[in-house]
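File shown: structure-v7.pdb. Contents: PDB, C-alpha atoms and all ligand atoms.
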```pdb
ATOM      1  CA  MET A 117     135.730  84.862 141.016
ATOM      2  CA  VAL A 118     134.124  84.876 144.482
ATOM      3  CA  THR A 119     131.434  82.412 145.555
ATOM      4  CA  PRO A 120     128.845  83.131 148.274
ATOM      5  CA  ARG A 121     129.571  82.252 151.880
ATOM      6  CA  ALA A 122     128.296  78.880 153.112
ATOM      7  CA  ASN A 123     125.495  78.953 155.693
ATOM      8  CA  LEU A 124     126.970  76.228 157.868
ATOM      9  CA  ALA A 125     130.034  78.237 158.923
ATOM     10  CA  PRO A 126     130.946  77.912 162.637
ATOM     11  CA  MET A 127     131.445  81.074 164.713
ATOM     12  CA  LEU A 128     135.086  81.941 164.170
ATOM     13  CA  SER A 129     136.880  84.408 166.396
ATOM     14  CA  TYR A 130     140.484  83.897 165.247
ATOM     15  CA  ARG A 131     141.856  86.799 163.184
ATOM     16  CA  HIS A 132     145.312  86.328 161.730
ATOM     17  CA  ALA A 133     145.847  90.112 161.837
ATOM     18  CA  PHE A 134     146.695  89.737 165.551
ATOM     19  CA  HIS A 135     149.579  87.416 164.692
ATOM     20  CA  ALA A 136     150.797  88.585 161.269
ATOM     21  CA  GLY A 137     154.554  88.557 160.871
ATOM     22  CA  ASN A 138     155.255  86.619 164.085
ATOM     23  CA  HIS A 139     157.934  83.906 164.360
ATOM     24  CA  ALA A 140     155.523  81.257 163.037
ATOM     25  CA  ASP A 141     154.738  83.340 159.939
ATOM     26  CA  VAL A 142     158.466  83.809 159.313
ATOM     27  CA  LEU A 143     159.069  80.058 159.219
ATOM     28  CA  LYS A 144     155.885  79.276 157.255
ATOM     29  CA  HIS A 145     156.215  82.007 154.638
ATOM     30  CA  ALA A 146     159.962  81.571 154.116
ATOM     31  CA  VAL A 147     159.442  77.844 153.437
ATOM     32  CA  LEU A 148     156.368  78.541 151.290
ATOM     33  CA  ILE A 149     158.387  80.858 149.053
ATOM     34  CA  ALA A 150     161.194  78.287 148.811
ATOM     35  CA  LEU A 151     158.668  75.625 147.714
ATOM     36  CA  LEU A 152     157.202  77.931 145.052
ATOM     37  CA  ASP A 153     160.669  78.853 143.812
ATOM     38  CA  TYR A 154     161.380  75.163 143.410
ATOM     39  CA  LEU A 155     158.147  74.680 141.398
ATOM     40  CA  ASN A 156     159.163  77.641 139.223
ATOM     41  CA  GLN A 157     162.323  75.851 138.133
ATOM     42  CA  LYS A 158     160.143  74.062 135.537
ATOM     43  CA  ASP A 159     158.050  75.776 132.856
ATOM     44  CA  LYS A 160     154.979  73.667 133.595
ATOM     45  CA  PRO A 161     152.235  75.616 135.440
ATOM     46  CA  TRP A 162     151.213  74.828 139.024
ATOM     47  CA  TRP A 163     148.183  75.277 141.223
ATOM     48  CA  TYR A 164     148.537  76.779 144.673
ATOM     49  CA  ILE A 165     145.741  75.737 147.010
ATOM     50  CA  ASP A 166     145.359  77.494 150.365
ATOM     51  CA  THR A 167     142.689  75.843 152.541
ATOM     52  CA  HIS A 168     142.824  78.582 155.216
ATOM     53  CA  ALA A 169     143.916  81.667 153.334
ATOM     54  CA  GLY A 170     143.398  84.531 155.807
ATOM     55  CA  ALA A 171     143.053  88.159 154.710
ATOM     56  CA  GLY A 172     145.886  88.252 152.141
ATOM     57  CA  ILE A 173     147.708  91.359 153.386
ATOM     58  CA  TYR A 174     147.988  92.728 156.936
ATOM     59  CA  ASP A 175     148.536  96.273 158.167
ATOM     60  CA  LEU A 176     151.165  96.016 160.896
ATOM     61  CA  HIS A 177     150.277  99.530 162.041
ATOM     62  CA  GLY A 178     146.590  98.576 162.353
ATOM     63  CA  ASP A 179     144.792  98.101 165.680
ATOM     64  CA  TYR A 180     145.010  94.294 165.699
ATOM     65  CA  ALA A 181     148.722  94.004 164.996
ATOM     66  CA  ARG A 182     149.624  96.882 167.326
ATOM     67  CA  LYS A 183     147.645  95.326 170.159
ATOM     68  CA  THR A 184     149.827  92.201 170.247
ATOM     69  CA  GLY A 185     153.057  93.499 168.712
ATOM     70  CA  GLU A 186     153.798  89.976 167.493
ATOM     71  CA  LEU A 187     155.864  91.195 164.559
ATOM     72  CA  ASP A 188     158.542  91.993 167.152
ATOM     73  CA  SER A 189     158.958  88.238 167.647
ATOM     74  CA  GLY A 190     159.289  87.665 163.901
ATOM     75  CA  ILE A 191     159.765  89.798 160.790
ATOM     76  CA  GLY A 192     160.700  92.800 162.973
ATOM     77  CA  ARG A 193     163.894  90.968 164.007
ATOM     78  CA  LEU A 194     164.884  90.264 160.387
ATOM     79  CA  TRP A 195     163.990  93.555 158.764
ATOM     80  CA  GLU A 196     167.267  95.431 159.261
ATOM     81  CA  ARG A 197     169.589  92.428 159.072
ATOM     82  CA  THR A 198     172.216  92.321 156.368
ATOM     83  CA  ASP A 199     173.407  88.766 157.095
ATOM     84  CA  LEU A 200     170.279  86.827 156.128
ATOM     85  CA  PRO A 201     170.720  83.227 154.944
ATOM     86  CA  PRO A 202     169.557  82.847 151.280
ATOM     87  CA  MET A 203     166.133  81.373 152.105
ATOM     88  CA  LEU A 204     165.333  84.272 154.426
ATOM     89  CA  ALA A 205     166.797  86.835 152.016
ATOM     90  CA  SER A 206     164.188  85.762 149.394
ATOM     91  CA  TYR A 207     161.434  86.016 151.997
ATOM     92  CA  VAL A 208     162.457  89.461 153.266
ATOM     93  CA  GLU A 209     162.847  90.663 149.675
ATOM     94  CA  LEU A 210     159.224  89.682 149.002
ATOM     95  CA  VAL A 211     158.068  91.556 152.126
ATOM     96  CA  ARG A 212     160.147  94.567 151.009
ATOM     97  CA  GLY A 213     158.242  94.517 147.710
ATOM     98  CA  LEU A 214     155.118  95.454 149.691
ATOM     99  CA  ASN A 215     156.982  98.185 151.581
ATOM    100  CA  PRO A 216     158.964 100.021 148.907
ATOM    101  CA  ASP A 217     159.770 103.010 151.157
ATOM    102  CA  GLY A 218     161.771 100.675 153.427
ATOM    103  CA  ARG A 219     159.461 101.065 156.435
ATOM    104  CA  LEU A 220     157.796  97.841 157.537
ATOM    105  CA  ARG A 221     154.060  98.469 157.440
ATOM    106  CA  LEU A 222     152.355  95.826 155.295
ATOM    107  CA  TYR A 223     152.824  92.107 155.763
ATOM    108  CA  PRO A 224     152.027  89.536 153.048
ATOM    109  CA  GLY A 225     149.884  86.547 153.963
ATOM    110  CA  SER A 226     150.343  83.204 152.263
ATOM    111  CA  PRO A 227     148.092  83.971 149.223
ATOM    112  CA  TRP A 228     150.015  87.163 148.539
ATOM    113  CA  CYS A 229     153.343  85.287 148.700
ATOM    114  CA  ALA A 230     151.927  82.806 146.168
ATOM    115  CA  LEU A 231     150.627  85.511 143.842
ATOM    116  CA  ARG A 232     154.036  87.204 143.829
ATOM    117  CA  ARG A 233     155.624  83.951 142.679
ATOM    118  CA  ALA A 234     152.868  83.011 140.194
ATOM    119  CA  ARG A 235     153.543  83.125 136.463
ATOM    120  CA  ARG A 236     150.860  83.759 133.834
ATOM    121  CA  ASP A 237     149.462  80.207 133.736
ATOM    122  CA  ASP A 238     149.782  79.379 137.432
ATOM    123  CA  ARG A 239     146.560  79.396 139.454
ATOM    124  CA  LEU A 240     145.588  80.166 143.051
ATOM    125  CA  ARG A 241     142.606  78.485 144.718
ATOM    126  CA  LEU A 242     141.887  80.058 148.100
ATOM    127  CA  PHE A 243     139.435  79.125 150.857
ATOM    128  CA  GLU A 244     138.567  81.492 153.718
ATOM    129  CA  LEU A 245     135.540  81.012 155.955
ATOM    130  CA  HIS A 246     135.607  84.108 158.182
ATOM    131  CA  SER A 247     133.310  86.683 156.581
ATOM    132  CA  SER A 248     135.509  89.709 157.396
ATOM    133  CA  ASP A 249     138.756  88.092 156.260
ATOM    134  CA  HIS A 250     137.015  86.699 153.197
ATOM    135  CA  ARG A 251     135.891  90.230 152.304
ATOM    136  CA  LEU A 252     139.413  91.598 152.757
ATOM    137  CA  LEU A 253     140.904  88.766 150.719
ATOM    138  CA  ALA A 254     138.394  89.265 147.903
ATOM    139  CA  SER A 255     139.107  92.977 147.802
ATOM    140  CA  THR A 256     142.909  92.470 147.835
ATOM    141  CA  PHE A 257     142.651  90.123 144.855
ATOM    142  CA  SER A 258     139.839  91.935 143.057
ATOM    143  CA  GLU A 259     142.087  92.751 140.091
ATOM    144  CA  ALA A 260     143.643  89.301 139.802
ATOM    145  CA  GLY A 261     141.037  87.960 137.366
ATOM    146  CA  ARG A 262     140.791  84.274 136.526
ATOM    147  CA  GLN A 263     144.163  83.480 137.997
ATOM    148  CA  VAL A 264     142.754  83.601 141.546
ATOM    149  CA  ARG A 265     139.540  81.982 142.719
ATOM    150  CA  ILE A 266     138.333  82.566 146.265
ATOM    151  CA  GLU A 267     135.736  80.417 148.016
ATOM    152  CA  ALA A 268     133.998  81.371 151.258
ATOM    153  CA  THR A 269     133.628  77.720 152.207
ATOM    154  CA  ASP A 270     135.293  75.227 154.495
ATOM    155  CA  GLY A 271     138.838  74.644 153.290
ATOM    156  CA  HIS A 272     139.289  71.122 154.649
ATOM    157  CA  ALA A 273     136.264  69.969 152.665
ATOM    158  CA  GLY A 274     136.955  72.262 149.705
ATOM    159  CA  LEU A 275     140.328  70.640 149.087
ATOM    160  CA  LYS A 276     138.527  67.631 147.615
ATOM    161  CA  SER A 277     137.036  69.811 144.879
ATOM    162  CA  VAL A 278     140.385  70.996 143.515
ATOM    163  CA  LEU A 279     142.396  67.764 143.502
ATOM    164  CA  PRO A 280     143.930  66.519 141.349
ATOM    165  CA  PRO A 281     144.850  69.836 139.729
ATOM    166  CA  PRO A 282     144.571  69.828 135.924
ATOM    167  CA  THR A 283     148.264  70.642 135.568
ATOM    168  CA  ARG A 284     149.310  67.741 137.850
ATOM    169  CA  ARG A 285     151.633  70.089 139.762
ATOM    170  CA  SER A 286     150.501  71.662 143.005
ATOM    171  CA  LEU A 287     151.350  73.034 146.396
ATOM    172  CA  VAL A 288     148.654  72.791 149.057
ATOM    173  CA  LEU A 289     148.950  74.821 152.259
ATOM    174  CA  ILE A 290     146.783  73.577 155.136
ATOM    175  CA  ASP A 291     147.043  76.279 157.770
ATOM    176  CA  PRO A 292     144.094  76.239 160.177
ATOM    177  CA  SER A 293     143.904  78.387 163.288
ATOM    178  CA  TYR A 294     143.215  75.246 165.418
ATOM    179  CA  GLU A 295     140.666  77.301 167.355
ATOM    180  CA  VAL A 296     138.223  74.426 167.137
ATOM    181  CA  LYS A 297     139.311  71.026 168.432
ATOM    182  CA  SER A 298     138.133  69.311 165.252
ATOM    183  CA  ASP A 299     140.808  71.199 163.265
ATOM    184  CA  TYR A 300     143.340  68.581 164.449
ATOM    185  CA  PRO A 301     141.652  65.418 163.117
ATOM    186  CA  ARG A 302     140.258  67.253 160.095
ATOM    187  CA  THR A 303     143.747  68.383 159.093
ATOM    188  CA  VAL A 304     145.037  64.806 159.258
ATOM    189  CA  GLU A 305     142.031  63.615 157.246
ATOM    190  CA  ALA A 306     142.475  66.372 154.655
ATOM    191  CA  LEU A 307     146.116  65.390 154.156
ATOM    192  CA  LYS A 308     145.289  61.700 153.836
ATOM    193  CA  ASP A 309     142.391  62.353 151.484
ATOM    194  CA  GLY A 310     144.474  64.784 149.438
ATOM    195  CA  LEU A 311     147.179  62.164 148.992
ATOM    196  CA  THR A 312     144.651  59.619 147.766
ATOM    197  CA  ARG A 313     143.373  62.123 145.183
ATOM    198  CA  PHE A 314     146.807  63.344 144.126
ATOM    199  CA  VAL A 315     149.738  61.446 145.569
ATOM    200  CA  GLY A 316     152.332  63.489 143.668
ATOM    201  CA  GLY A 317     151.407  66.912 145.072
ATOM    202  CA  THR A 318     153.310  68.810 147.724
ATOM    203  CA  TYR A 319     151.317  69.475 150.906
ATOM    204  CA  MET A 320     152.468  71.726 153.723
ATOM    205  CA  VAL A 321     150.677  71.602 157.065
ATOM    206  CA  TRP A 322     151.392  74.304 159.628
ATOM    207  CA  TYR A 323     150.937  73.459 163.309
ATOM    208  CA  PRO A 324     151.522  75.236 166.627
ATOM    209  CA  LEU A 325     153.828  73.890 169.327
ATOM    210  CA  LEU A 326     151.534  73.792 172.356
ATOM    211  CA  GLN A 327     151.563  71.654 175.467
ATOM    212  CA  LYS A 328     148.079  70.210 175.000
ATOM    213  CA  PRO A 329     147.801  66.603 173.789
ATOM    214  CA  ASP A 330     145.999  67.346 170.489
ATOM    215  CA  ALA A 331     148.876  69.557 169.359
ATOM    216  CA  ARG A 332     151.620  67.259 170.654
ATOM    217  CA  GLN A 333     150.171  64.265 168.849
ATOM    218  CA  LEU A 334     149.561  66.014 165.535
ATOM    219  CA  PRO A 335     153.016  65.484 163.935
ATOM    220  CA  SER A 336     152.941  61.715 164.453
ATOM    221  CA  ARG A 337     149.365  61.588 163.131
ATOM    222  CA  LEU A 338     150.477  63.475 160.034
ATOM    223  CA  LYS A 339     153.410  61.123 159.553
ATOM    224  CA  ALA A 340     150.926  58.229 159.568
ATOM    225  CA  ALA A 341     149.569  59.563 156.244
ATOM    226  CA  ARG A 342     152.734  57.969 154.775
ATOM    227  CA  PRO A 343     153.349  60.074 151.680
ATOM    228  CA  PRO A 344     156.168  58.913 149.391
ATOM    229  CA  GLY A 345     158.460  61.520 150.983
ATOM    230  CA  TRP A 346     158.148  63.865 153.939
ATOM    231  CA  LEU A 347     159.894  66.482 156.032
ATOM    232  CA  ASN A 348     159.059  67.759 159.494
ATOM    233  CA  VAL A 349     160.612  70.941 160.859
ATOM    234  CA  THR A 350     159.988  72.720 164.155
ATOM    235  CA  LEU A 351     161.217  76.032 165.502
ATOM    236  CA  THR A 352     160.915  76.570 169.259
ATOM    237  CA  VAL A 353     161.406  80.196 170.281
ATOM    238  CA  HIS A 354     161.201  79.788 174.040
ATOM    239  CA  ALA A 355     160.856  77.071 176.648
ATOM    240  CA  PRO A 356     157.279  75.884 177.262
ATOM    241  CA  LEU A 357     155.669  78.030 179.980
ATOM    242  CA  LYS A 358     155.158  76.571 183.467
ATOM    243  CA  ASP A 359     151.414  77.335 183.394
ATOM    244  CA  GLY A 360     151.054  74.986 180.413
ATOM    245  CA  PHE A 361     149.591  77.684 178.143
ATOM    246  CA  GLY A 362     150.882  79.623 175.147
ATOM    247  CA  MET A 363     152.576  78.740 171.882
ATOM    248  CA  HIS A 364     156.313  78.160 172.268
ATOM    249  CA  GLY A 365     156.997  77.622 168.597
ATOM    250  CA  SER A 366     155.601  76.123 165.422
ATOM    251  CA  GLY A 367     156.160  73.333 162.976
ATOM    252  CA  LEU A 368     155.651  72.412 159.346
ATOM    253  CA  TYR A 369     154.956  68.920 158.096
ATOM    254  CA  ILE A 370     155.575  68.711 154.362
ATOM    255  CA  ALA A 371     154.481  65.769 152.235
ATOM    256  CA  ASN A 372     156.554  65.340 149.060
ATOM    257  CA  PRO A 373     159.076  68.106 149.721
ATOM    258  CA  PRO A 374     161.741  68.898 147.125
ATOM    259  CA  TRP A 375     165.052  67.122 147.732
ATOM    260  CA  THR A 376     166.728  70.528 148.003
ATOM    261  CA  LEU A 377     164.731  71.634 151.067
ATOM    262  CA  PRO A 378     166.679  69.900 153.887
ATOM    263  CA  ALA A 379     169.946  71.624 152.916
ATOM    264  CA  LEU A 380     168.204  75.008 152.658
ATOM    265  CA  LEU A 381     166.724  74.530 156.116
ATOM    266  CA  GLU A 382     170.024  73.336 157.628
ATOM    267  CA  ALA A 383     171.540  76.580 156.387
ATOM    268  CA  THR A 384     168.730  78.654 157.894
ATOM    269  CA  LEU A 385     167.512  77.149 161.157
ATOM    270  CA  PRO A 386     170.552  77.763 163.411
ATOM    271  CA  TRP A 387     170.451  81.442 162.348
ATOM    272  CA  LEU A 388     166.697  81.594 163.051
ATOM    273  CA  VAL A 389     167.146  80.059 166.501
ATOM    274  CA  LYS A 390     169.767  82.699 167.331
ATOM    275  CA  THR A 391     167.694  85.549 165.910
ATOM    276  CA  LEU A 392     164.174  84.605 166.990
ATOM    277  CA  GLY A 393     165.072  82.688 170.164
ATOM    278  CA  GLN A 394     163.785  84.351 173.332
ATOM    279  CA  ASP A 395     165.511  82.197 175.955
ATOM    280  CA  SER A 396     167.802  79.189 176.298
ATOM    281  CA  GLY A 397     164.897  76.883 175.399
ATOM    282  CA  ALA A 398     165.036  78.032 171.753
ATOM    283  CA  SER A 399     165.895  75.214 169.341
ATOM    284  CA  TYR A 400     164.962  73.497 166.118
ATOM    285  CA  THR A 401     164.350  69.970 164.885
ATOM    286  CA  LEU A 402     164.537  68.695 161.319
ATOM    287  CA  GLU A 403     163.648  65.192 160.177
ATOM    288  CA  HIS A 404     163.019  63.924 156.669
ATOM    289  CA  GLU A 405     162.731  60.925 154.420
ATOM    290  CA  ILE A 406     162.940  61.921 150.796
ATOM    291  CA  PRO A 407     163.341  59.166 148.196
TER     292      PRO A 407
HETATM  293  C1  LIG B   1     146.263  80.845 160.480
HETATM  294  S1  LIG B   1     145.081  81.761 159.568
HETATM  295  C2  LIG B   1     145.658  81.667 157.915
HETATM  296  C3  LIG B   1     146.888  82.441 157.614
HETATM  297  C4  LIG B   1     147.320  82.404 156.174
HETATM  298  N1  LIG B   1     147.350  81.038 155.649
HETATM  299  C5  LIG B   1     148.702  83.008 156.024
HETATM  300  O1  LIG B   1     149.690  82.286 156.192
HETATM  301  O2  LIG B   1     148.791  84.199 155.734
HETATM  302  C6  LIG B   1     143.722  80.658 159.496
HETATM  303  C7  LIG B   1     142.554  81.207 158.705
HETATM  304  O3  LIG B   1     141.602  80.156 158.502
HETATM  305  C8  LIG B   1     140.293  80.696 158.560
HETATM  306  N2  LIG B   1     139.416  79.549 158.821
HETATM  307  C9  LIG B   1     139.099  78.979 159.996
HETATM  308  N3  LIG B   1     138.381  77.845 159.790
HETATM  309  C10 LIG B   1     138.270  77.705 158.448
HETATM  310  C11 LIG B   1     137.709  76.707 157.607
HETATM  311  N4  LIG B   1     137.091  75.643 158.132
HETATM  312  N5  LIG B   1     137.836  76.844 156.273
HETATM  313  C12 LIG B   1     138.456  77.921 155.727
HETATM  314  N6  LIG B   1     139.016  78.901 156.473
HETATM  315  C13 LIG B   1     138.933  78.786 157.816
HETATM  316  C14 LIG B   1     140.375  81.720 159.653
HETATM  317  O4  LIG B   1     139.338  82.675 159.528
HETATM  318  C15 LIG B   1     141.767  82.316 159.413
HETATM  319  O5  LIG B   1     141.697  83.438 158.574
END
```
Output the structure of this file as structure tokens.
Amino acid sequence: MVTPRANLAPMLSYRHAFHAGNHADVLKHAVLIALLDYLNQKDKPWWYIDTHAGAGIYDLHGDYARKTGELDSGIGRLWERTDLPPMLASYVELVRGLNPDGRLRLYPGSPWCALRRARRDDRLRLFELHSSDHRLLASTFSEAGRQVRIEATDGHAGLKSVLPPPTRRSLVLIDPSYEVKSDYPRTVEALKDGLTRFVGGTYMVWYPLLQKPDARQLPSRLKAARPPGWLNVTLTVHAPLKDGFGMHGSGLYIANPPWTLPALLEATLPWLVKTLGQDSGASYTLEHEIP
């Protein structure tokens, strides 16, 4: 079901198609799949809520992706590898499902990863504000029926309308483009508000590693939400640039992660640093408190 676009939408210029399959997508989507696989260990259905869903699927041979070539910093470096750690093997297998002839052309966005893992009674609730990406997303999921609902409204605000989920099991992905400054405080607020509505849910916030203060302060502001358990992981692919600009890596803050996640990440991150690292500044950090 698709609802009409809200009138109050800001002018958005970010298109994820320019960045699909880059190093940040590798980390985010590999962890996302691991979280869904954990939820699938129980029979009870879950809700997947994506506050900033993007277009769903990306053509890596399309104009946007070819212009930046960002897949060469990410999935392109994993595609031919035969020594993938288990978490990345599951991720690459899912991407291969979209590219059955073995040539990397289509890249799955977060909603597509979730749909691939969804069972009959699991549900996807997706928010996407950009009119073009919303159209693409709606057309990609046009056959999905009641299992997927897509809203062309603000995802930070929309989160309130879907929590708590009726099944009391959920994974929320908060993955803004941070193209507007207010994305930083609004993401912190959305996490805090989400936890007050449903303290038992798992929430994953993606953030860029940038040199500007808003981005540097975000992880500690997220930690201040004080969920019962949390995990923070960062992957730096190169040293911060001298001009102060550019994204040198990305991070994920996860509220209520499964207890199995730290070990999975420990087994994956050194390999990712070696494979995706672009200079001697490449590194990772992993912190967690899981009761
Ligand atoms: C980083 S991309 C999402 C990528 C996607 N989650 C994935 O992993 O495949 C961020 C998306 O949020 C959309 N967006 C920006 N502001 C929004 C808002 N306030 N509410 C919902 N979507 C928004 C952008 O148009 C863009 O498609």
Residue neighbourhood range 330-334 of chain A, 10 Å, all atoms listed in the file, exclusion window fewer than 2 positions, as a VMD selection string
chain A and resid 294 297 to 301 303 to 304 323 to 328 336 to 340 369
I need the residues from that last selection saved to file as an mmCIF file, keeping the file's coordinate frame (with C-alpha atoms), if you can.
```cif
data_model
loop_
_atom_site.group_PDB
_atom_site.id
_atom_site.type_symbol
_atom_site.label_atom_id
_atom_site.label_comp_id
_atom_site.auth_asym_id
_atom_site.auth_seq_id
_atom_site.Cartn_x
_atom_site.Cartn_y
_atom_site.Cartn_z
ATOM 1 C CA TYR A 294 143.215 75.246 165.418
ATOM 2 C CA LYS A 297 139.311 71.026 168.432
ATOM 3 C CA SER A 298 138.133 69.311 165.252
ATOM 4 C CA ASP A 299 140.808 71.199 163.265
ATOM 5 C CA TYR A 300 143.340 68.581 164.449
ATOM 6 C CA PRO A 301 141.652 65.418 163.117
ATOM 7 C CA THR A 303 143.747 68.383 159.093
ATOM 8 C CA VAL A 304 145.037 64.806 159.258
ATOM 9 C CA TYR A 323 150.937 73.459 163.309
ATOM 10 C CA PRO A 324 151.522 75.236 166.627
ATOM 11 C CA LEU A 325 153.828 73.890 169.327
ATOM 12 C CA LEU A 326 151.534 73.792 172.356
ATOM 13 C CA GLN A 327 151.563 71.654 175.467
ATOM 14 C CA LYS A 328 148.079 70.210 175.000
ATOM 15 C CA SER A 336 152.941 61.715 164.453
ATOM 16 C CA ARG A 337 149.365 61.588 163.131
ATOM 17 C CA LEU A 338 150.477 63.475 160.034
ATOM 18 C CA LYS A 339 153.410 61.123 159.553
ATOM 19 C CA ALA A 340 150.926 58.229 159.568
ATOM 20 C CA TYR A 369 154.956 68.920 158.096
#
```
Ligand LIG 1 (chain B) neighbours within 8 Å using all atoms listed in the file, as a compact mmCIF listing (two decimals) with C-alpha atoms, keeping the file's coordinate frame:
```
# COMPACT_ATOMS: atom_id res chain seq x y z
CA ALA A 125 130.03 78.24 158.92
CA PRO A 126 130.95 77.91 162.64
CA LEU A 128 135.09 81.94 164.17
CA SER A 129 136.88 84.41 166.40
CA TYR A 130 140.48 83.90 165.25
CA ARG A 131 141.86 86.80 163.18
CA HIS A 132 145.31 86.33 161.73
CA ALA A 136 150.80 88.58 161.27
CA ASP A 141 154.74 83.34 159.94
CA LYS A 144 155.88 79.28 157.26
CA HIS A 145 156.22 82.01 154.64
CA ASP A 166 145.36 77.49 150.36
CA THR A 167 142.69 75.84 152.54
CA HIS A 168 142.82 78.58 155.22
CA ALA A 169 143.92 81.67 153.33
CA GLY A 170 143.40 84.53 155.81
CA ALA A 171 143.05 88.16 154.71
CA GLY A 172 145.89 88.25 152.14
CA ILE A 173 147.71 91.36 153.39
CA PRO A 224 152.03 89.54 153.05
CA GLY A 225 149.88 86.55 153.96
CA SER A 226 150.34 83.20 152.26
CA PRO A 227 148.09 83.97 149.22
CA TRP A 228 150.01 87.16 148.54
CA PHE A 243 139.44 79.12 150.86
CA GLU A 244 138.57 81.49 153.72
CA LEU A 245 135.54 81.01 155.96
CA HIS A 246 135.61 84.11 158.18
CA SER A 247 133.31 86.68 156.58
CA ASP A 249 138.76 88.09 156.26
CA HIS A 250 137.01 86.70 153.20
CA ALA A 268 134.00 81.37 151.26
CA THR A 269 133.63 77.72 152.21
CA ASP A 270 135.29 75.23 154.50
CA GLY A 271 138.84 74.64 153.29
CA HIS A 272 139.29 71.12 154.65
CA ALA A 273 136.26 69.97 152.66
CA LEU A 289 148.95 74.82 152.26
CA ILE A 290 146.78 73.58 155.14
CA ASP A 291 147.04 76.28 157.77
CA PRO A 292 144.09 76.24 160.18
CA SER A 293 143.90 78.39 163.29
CA TYR A 294 143.22 75.25 165.42
CA GLU A 295 140.67 77.30 167.36
CA ASP A 299 140.81 71.20 163.26
```
Given all atoms listed in the file as the counted atoms, nearest of A:Ala205, A:Leu380, A:Ile191, A:Leu220 to Val349 in chain A:
A:Leu380
Name every residue that the PyMOL selection byres (((chain A and resi 153) around 12) and not hetatm) selects in this structure, writing the answer as a PDB file with C-alpha atoms, in the coordinates of the input with chains first and numbers rising.
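Ended up saving to result32.pdb:
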```pdb
ATOM      1  CA  ALA A 146     159.962  81.571 154.116  1.00  0.00           C
ATOM      2  CA  VAL A 147     159.442  77.844 153.437  1.00  0.00           C
ATOM      3  CA  LEU A 148     156.368  78.541 151.290  1.00  0.00           C
ATOM      4  CA  ILE A 149     158.387  80.858 149.053  1.00  0.00           C
ATOM      5  CA  ALA A 150     161.194  78.287 148.811  1.00  0.00           C
ATOM      6  CA  LEU A 151     158.668  75.625 147.714  1.00  0.00           C
ATOM      7  CA  LEU A 152     157.202  77.931 145.052  1.00  0.00           C
ATOM      8  CA  TYR A 154     161.380  75.163 143.410  1.00  0.00           C
ATOM      9  CA  LEU A 155     158.147  74.680 141.398  1.00  0.00           C
ATOM     10  CA  ASN A 156     159.163  77.641 139.223  1.00  0.00           C
ATOM     11  CA  GLN A 157     162.323  75.851 138.133  1.00  0.00           C
ATOM     12  CA  LYS A 158     160.143  74.062 135.537  1.00  0.00           C
ATOM     13  CA  ASP A 159     158.050  75.776 132.856  1.00  0.00           C
ATOM     14  CA  TRP A 162     151.213  74.828 139.024  1.00  0.00           C
ATOM     15  CA  MET A 203     166.133  81.373 152.105  1.00  0.00           C
ATOM     16  CA  SER A 206     164.188  85.762 149.394  1.00  0.00           C
ATOM     17  CA  TYR A 207     161.434  86.016 151.997  1.00  0.00           C
ATOM     18  CA  CYS A 229     153.343  85.287 148.700  1.00  0.00           C
ATOM     19  CA  ALA A 230     151.927  82.806 146.168  1.00  0.00           C
ATOM     20  CA  ARG A 232     154.036  87.204 143.829  1.00  0.00           C
ATOM     21  CA  ARG A 233     155.624  83.951 142.679  1.00  0.00           C
ATOM     22  CA  ALA A 234     152.868  83.011 140.194  1.00  0.00           C
ATOM     23  CA  ARG A 235     153.543  83.125 136.463  1.00  0.00           C
ATOM     24  CA  LEU A 287     151.350  73.034 146.396  1.00  0.00           C
ATOM     25  CA  PRO A 374     161.741  68.898 147.125  1.00  0.00           C
ATOM     26  CA  THR A 376     166.728  70.528 148.003  1.00  0.00           C
ATOM     27  CA  LEU A 377     164.731  71.634 151.067  1.00  0.00           C
TER      28      LEU A 377
END
```
Can you tell me which residues surround Asp309 in chain A at a distance of at most 12 Å, considering all atoms listed in the file, apart from same-chain residues fewer than 6 positions away, and format the answer as a PyMOL selection string?
chain A and resi 272-280+302-303+315+317+319+338+341-343
Under the PyMOL selection byres (((chain A and resi 221) around 8) and not hetatm), which residues of this model are included? Write them out as a PDB file with C-alpha atoms, keeping the file's coordinate frame.
```pdb
ATOM      1  CA  ASP A 175     148.536  96.273 158.167  1.00  0.00           C
ATOM      2  CA  LEU A 176     151.165  96.016 160.896  1.00  0.00           C
ATOM      3  CA  HIS A 177     150.277  99.530 162.041  1.00  0.00           C
ATOM      4  CA  ASN A 215     156.982  98.185 151.581  1.00  0.00           C
ATOM      5  CA  ARG A 219     159.461 101.065 156.435  1.00  0.00           C
ATOM      6  CA  LEU A 220     157.796  97.841 157.537  1.00  0.00           C
ATOM      7  CA  LEU A 222     152.355  95.826 155.295  1.00  0.00           C
ATOM      8  CA  TYR A 223     152.824  92.107 155.763  1.00  0.00           C
TER       9      TYR A 223
END
```
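Of the residues listed (A:Tyr174, A:Thr198, A:Val288, A:Phe314), A:Tyr174 shows the shortest atom-to-atom separation from Thr256 in chain A; distances use all atoms listed in the file.
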Can you list what the PyMOL selection byres (((chain A and resi 255) around 12) and not hetatm) grabs from this structure, as a ChimeraX atom specification?
/A:117-118,171-173,248-254,256-261,264,266
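The residue that comes closest to Tyr164 in chain A, out of A:Met363, A:Leu231, A:Ala383, A:Leu240 and on the basis of only C-alpha atoms, is A:Leu240.
Here CA of Tyr400 in chain A is placed at a distance of 15.1 Å from CA of Trp322 in chain A.
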